[in-house]
Amino acid sequence: MTPRDVVFPPGRQALYERNRYSPAIRANGLLFVSGQVGSREDGSPEPELEAQVRRAFDNLNAILQAAGCTFDDVIDVTVFMVDPQSIFERVWSVVPEYWGAAPHPTLTAVGVTWLYGFQFEIKVIAKLPESTET
């Protein structure tokens, strides 16, 4: 088996090693990014919802940047929200700060009952730039 081509954002490798997963994997010209939450550097949740969503996007963007991508390279997005009926509008008020102009990536939104103490999680698939494809 070929070893996984893992992408780590700067300064957070210990968090991923502690939790035993890879933040992102390069494969076949694509970048598969694990779900990102609004965690601080120590892994604890950002307490306020809008700040948590911003930090989740910032954490996502750090991984994209480490792989040579931007959010413009994102093809597919999956978001998870605890109690989406009550928080969706608040979450979606933050999204335009990061989303960019149309056409937008595809999106699947999933309501869940538990996210390890978080209220929002985002995972994506992005197209790698030609020079970094493996």
# chains A, B, ... in the order shown; residues from 1 in each chain; ligands from 1
call {"tool": "select_by_dssp", "arguments": {"residues": "chain A", "states": "alpha helix (DSSP H)", "output": "PyMOL selection string"}}
result
chain A and resi 13-19+49-66+84-94+96-99
call {"tool": "closest_residue", "arguments": {"among": "A:Tyr16, A:Phe8, A:Phe71, A:Phe80", "to": "Ile122 of chain A", "atoms": "only C-alpha atoms"}}
result
A:Phe80
call {"tool": "residues_around", "arguments": {"residues": "Ala51 of chain A", "least_positions_apart": "2", "cutoff": "12 Å", "atoms": "only C-alpha atoms", "output": "list in words"}}
result
Val37, Gly38, Ser39, Arg40, Pro45, Glu46, Pro47, Glu48, Leu49, Val53, Arg54, Arg55, Ala56, Phe57, Asp58, Arg90, Val91, Ser93, Val94, Val95, Phe118, Gln119 and Phe120 of chain A
call {"tool": "write_last_selection", "arguments": {"atoms": "N, CA, C and O atoms", "output": "mmCIF file, in the first residue's frame"}}
result
data_model
loop_
_atom_site.group_PDB
_atom_site.id
_atom_site.type_symbol
_atom_site.label_atom_id
_atom_site.label_comp_id
_atom_site.auth_asym_id
_atom_site.auth_seq_id
_atom_site.Cartn_x
_atom_site.Cartn_y
_atom_site.Cartn_z
ATOM 1 N N VAL A 37 -13.522 21.832 13.189
ATOM 2 C CA VAL A 37 -14.401 22.473 14.156
ATOM 3 C C VAL A 37 -13.739 23.762 14.632
ATOM 4 O O VAL A 37 -12.581 24.033 14.325
ATOM 5 N N GLY A 38 -14.478 24.509 15.409
ATOM 6 C CA GLY A 38 -13.959 25.766 15.938
ATOM 7 C C GLY A 38 -13.138 25.562 17.183
ATOM 8 O O GLY A 38 -13.460 26.084 18.251
ATOM 9 N N SER A 39 -12.055 24.805 17.049
ATOM 10 C CA SER A 39 -11.206 24.508 18.200
ATOM 11 C C SER A 39 -10.059 25.499 18.287
ATOM 12 O O SER A 39 -9.486 25.908 17.289
ATOM 13 N N ARG A 40 -9.754 25.831 19.524
ATOM 14 C CA ARG A 40 -8.583 26.655 19.809
ATOM 15 C C ARG A 40 -7.337 25.790 19.640
ATOM 16 O O ARG A 40 -7.440 24.587 19.412
ATOM 17 N N PRO A 45 -13.229 23.955 22.541
ATOM 18 C CA PRO A 45 -14.164 24.675 21.685
ATOM 19 C C PRO A 45 -14.144 26.182 21.932
ATOM 20 O O PRO A 45 -14.008 26.627 23.069
ATOM 21 N N GLU A 46 -14.284 26.916 20.862
ATOM 22 C CA GLU A 46 -14.555 28.354 20.968
ATOM 23 C C GLU A 46 -15.978 28.460 21.513
ATOM 24 O O GLU A 46 -16.895 27.863 20.953
ATOM 25 N N PRO A 47 -16.229 29.187 22.610
ATOM 26 C CA PRO A 47 -17.550 29.125 23.246
ATOM 27 C C PRO A 47 -18.690 29.791 22.476
ATOM 28 O O PRO A 47 -19.810 29.284 22.499
ATOM 29 N N GLU A 48 -18.460 30.897 21.810
ATOM 30 C CA GLU A 48 -19.530 31.633 21.138
ATOM 31 C C GLU A 48 -19.712 31.077 19.715
ATOM 32 O O GLU A 48 -18.745 30.838 19.006
ATOM 33 N N LEU A 49 -20.952 30.839 19.289
ATOM 34 C CA LEU A 49 -21.234 30.146 18.029
ATOM 35 C C LEU A 49 -20.574 30.803 16.822
ATOM 36 O O LEU A 49 -19.884 30.136 16.058
ATOM 37 N N VAL A 53 -17.693 29.179 14.397
ATOM 38 C CA VAL A 53 -17.779 28.980 12.948
ATOM 39 C C VAL A 53 -16.584 29.638 12.261
ATOM 40 O O VAL A 53 -15.954 29.037 11.376
ATOM 41 N N ARG A 54 -16.249 30.851 12.669
ATOM 42 C CA ARG A 54 -15.081 31.535 12.075
ATOM 43 C C ARG A 54 -13.802 30.743 12.309
ATOM 44 O O ARG A 54 -12.981 30.579 11.414
ATOM 45 N N ARG A 55 -13.641 30.237 13.514
ATOM 46 C CA ARG A 55 -12.428 29.462 13.806
ATOM 47 C C ARG A 55 -12.411 28.157 13.012
ATOM 48 O O ARG A 55 -11.366 27.721 12.553
ATOM 49 N N ALA A 56 -13.560 27.524 12.813
ATOM 50 C CA ALA A 56 -13.612 26.311 11.984
ATOM 51 C C ALA A 56 -13.144 26.629 10.563
ATOM 52 O O ALA A 56 -12.350 25.883 9.981
ATOM 53 N N PHE A 57 -13.629 27.732 10.004
ATOM 54 C CA PHE A 57 -13.176 28.138 8.668
ATOM 55 C C PHE A 57 -11.691 28.500 8.679
ATOM 56 O O PHE A 57 -10.964 28.177 7.735
ATOM 57 N N ASP A 58 -11.220 29.172 9.717
ATOM 58 C CA ASP A 58 -9.795 29.500 9.802
ATOM 59 C C ASP A 58 -8.949 28.233 9.877
ATOM 60 O O ASP A 58 -7.897 28.130 9.225
ATOM 61 N N ARG A 90 -27.763 31.782 12.124
ATOM 62 C CA ARG A 90 -26.566 32.389 12.729
ATOM 63 C C ARG A 90 -25.303 31.868 12.054
ATOM 64 O O ARG A 90 -24.382 32.640 11.777
ATOM 65 N N VAL A 91 -25.251 30.580 11.802
ATOM 66 C CA VAL A 91 -24.092 30.004 11.108
ATOM 67 C C VAL A 91 -23.990 30.599 9.715
ATOM 68 O O VAL A 91 -22.927 31.055 9.289
ATOM 69 N N SER A 93 -24.950 33.315 8.534
ATOM 70 C CA SER A 93 -24.596 34.730 8.478
ATOM 71 C C SER A 93 -23.079 34.926 8.446
ATOM 72 O O SER A 93 -22.592 35.955 7.983
ATOM 73 N N VAL A 94 -22.314 33.928 8.896
ATOM 74 C CA VAL A 94 -20.851 33.991 8.908
ATOM 75 C C VAL A 94 -20.266 33.467 7.605
ATOM 76 O O VAL A 94 -19.234 33.953 7.128
ATOM 77 N N VAL A 95 -20.915 32.508 6.996
ATOM 78 C CA VAL A 95 -20.385 31.814 5.819
ATOM 79 C C VAL A 95 -19.929 32.756 4.697
ATOM 80 O O VAL A 95 -18.852 32.545 4.129
ATOM 81 N N PHE A 118 -18.774 20.634 20.221
ATOM 82 C CA PHE A 118 -18.858 21.725 19.242
ATOM 83 C C PHE A 118 -20.268 21.795 18.677
ATOM 84 O O PHE A 118 -21.047 20.862 18.794
ATOM 85 N N GLN A 119 -20.596 22.904 18.027
ATOM 86 C CA GLN A 119 -21.906 23.072 17.407
ATOM 87 C C GLN A 119 -21.848 23.028 15.885
ATOM 88 O O GLN A 119 -22.883 22.911 15.239
ATOM 89 N N PHE A 120 -20.649 23.132 15.300
ATOM 90 C CA PHE A 120 -20.490 23.247 13.853
ATOM 91 C C PHE A 120 -19.216 22.545 13.430
ATOM 92 O O PHE A 120 -18.191 22.638 14.104
#
call {"tool": "select_by_dssp", "arguments": {"residues": "chain A", "states": "strand (DSSP E)", "output": "count of residues only"}}
result
39
call {"tool": "closest_residue", "arguments": {"among": "A:Cys69, A:Val77, A:Ala27, A:Ser34", "to": "Thr2 of chain A", "atoms": "only C-alpha atoms"}}
result
A:Ala27
call {"tool": "residues_around", "arguments": {"residues": "Gly68 of chain A", "least_positions_apart": "4", "cutoff": "12 Å", "atoms": "only C-alpha atoms", "output": "compact mmCIF listing (two decimals) with N, CA and C atoms, in the first residue's frame"}}
result
# COMPACT_ATOMS: atom_id res chain seq x y z
N VAL A 7 -1.40 16.06 4.92
CA VAL A 7 -1.15 17.50 5.01
C VAL A 7 -1.47 17.93 6.44
N PHE A 8 -0.49 18.56 7.10
CA PHE A 8 -0.69 19.10 8.45
C PHE A 8 -0.62 20.61 8.39
N PRO A 9 -1.57 21.29 9.05
CA PRO A 9 -1.45 22.75 9.15
C PRO A 9 -0.36 23.09 10.16
N ARG A 26 -3.83 14.03 0.44
CA ARG A 26 -3.78 14.26 -1.01
C ARG A 26 -3.91 12.91 -1.71
N LEU A 30 -6.81 15.38 -5.72
CA LEU A 30 -7.79 15.97 -4.81
C LEU A 30 -7.23 16.04 -3.40
N LEU A 31 -7.78 16.95 -2.61
CA LEU A 31 -7.45 17.07 -1.20
C LEU A 31 -8.71 16.75 -0.41
N ASN A 61 -8.99 26.76 6.43
CA ASN A 61 -8.14 27.51 5.52
C ASN A 61 -6.66 27.27 5.77
N ALA A 62 -6.27 27.01 7.03
CA ALA A 62 -4.87 26.69 7.33
C ALA A 62 -4.46 25.38 6.67
N ILE A 63 -5.35 24.42 6.65
CA ILE A 63 -5.06 23.14 5.98
C ILE A 63 -5.02 23.33 4.48
N LEU A 64 -6.00 24.04 3.93
CA LEU A 64 -5.99 24.31 2.49
C LEU A 64 -4.70 25.00 2.08
N ASP A 72 -11.31 28.75 -2.92
CA ASP A 72 -11.76 28.73 -4.32
C ASP A 72 -11.55 27.38 -4.98
N ASP A 73 -10.65 26.56 -4.43
CA ASP A 73 -10.38 25.23 -4.98
C ASP A 73 -11.35 24.17 -4.45
N VAL A 74 -12.18 24.54 -3.49
CA VAL A 74 -13.11 23.59 -2.87
C VAL A 74 -14.22 23.24 -3.86
N ALA A 126 -11.23 19.35 -2.10
CA ALA A 126 -10.73 20.43 -2.95
C ALA A 126 -9.88 19.86 -4.08
N LYS A 127 -9.84 20.59 -5.17
CA LYS A 127 -8.96 20.25 -6.30
C LYS A 127 -7.59 20.81 -6.01
N LEU A 128 -6.56 19.96 -6.06
CA LEU A 128 -5.20 20.42 -5.83
C LEU A 128 -4.69 21.19 -7.04
N PRO A 129 -3.88 22.20 -6.82
CA PRO A 129 -3.23 22.87 -7.96
C PRO A 129 -2.39 21.87 -8.73
N GLU A 130 -2.26 22.07 -10.01
CA GLU A 130 -1.51 21.12 -10.86
C GLU A 130 -0.13 20.80 -10.31
N SER A 131 0.56 21.77 -9.75
CA SER A 131 1.95 21.56 -9.29
C SER A 131 2.05 20.71 -8.04
N THR A 132 0.95 20.52 -7.28
CA THR A 132 1.02 19.75 -6.04
C THR A 132 0.27 18.43 -6.11
N GLU A 133 -0.28 18.09 -7.26
CA GLU A 133 -1.03 16.84 -7.37
C GLU A 133 -0.12 15.66 -7.22
call {"tool": "atom_distance", "arguments": {"atom1": "atom CA of Arg20 of chain A", "atom2": "atom CA of Trp99 of chain A"}}
result
28.9 Å
call {"tool": "residues_around", "arguments": {"residues": "Gly35 of chain A", "least_positions_apart": "2", "cutoff": "8 Å", "atoms": "only C-alpha atoms", "output": "MDAnalysis selection string"}}
result
chainID A and resid 23 33 37 121:124
call {"tool": "atom_distance", "arguments": {"atom1": "atom CA of Ala66 of chain A", "atom2": "atom CA of Ala101 of chain A"}}
result
22.3 Å
call {"tool": "closest_residue", "arguments": {"among": "A:Met1, A:Ile87, A:Leu115, A:Leu107", "to": "Ile75 of chain A", "atoms": "only C-alpha atoms"}}
result
A:Leu107
call {"tool": "atom_distance", "arguments": {"atom1": "atom CA of Asn19 of chain A", "atom2": "atom CA of Phe88 of chain A"}}
result
27.7 Å
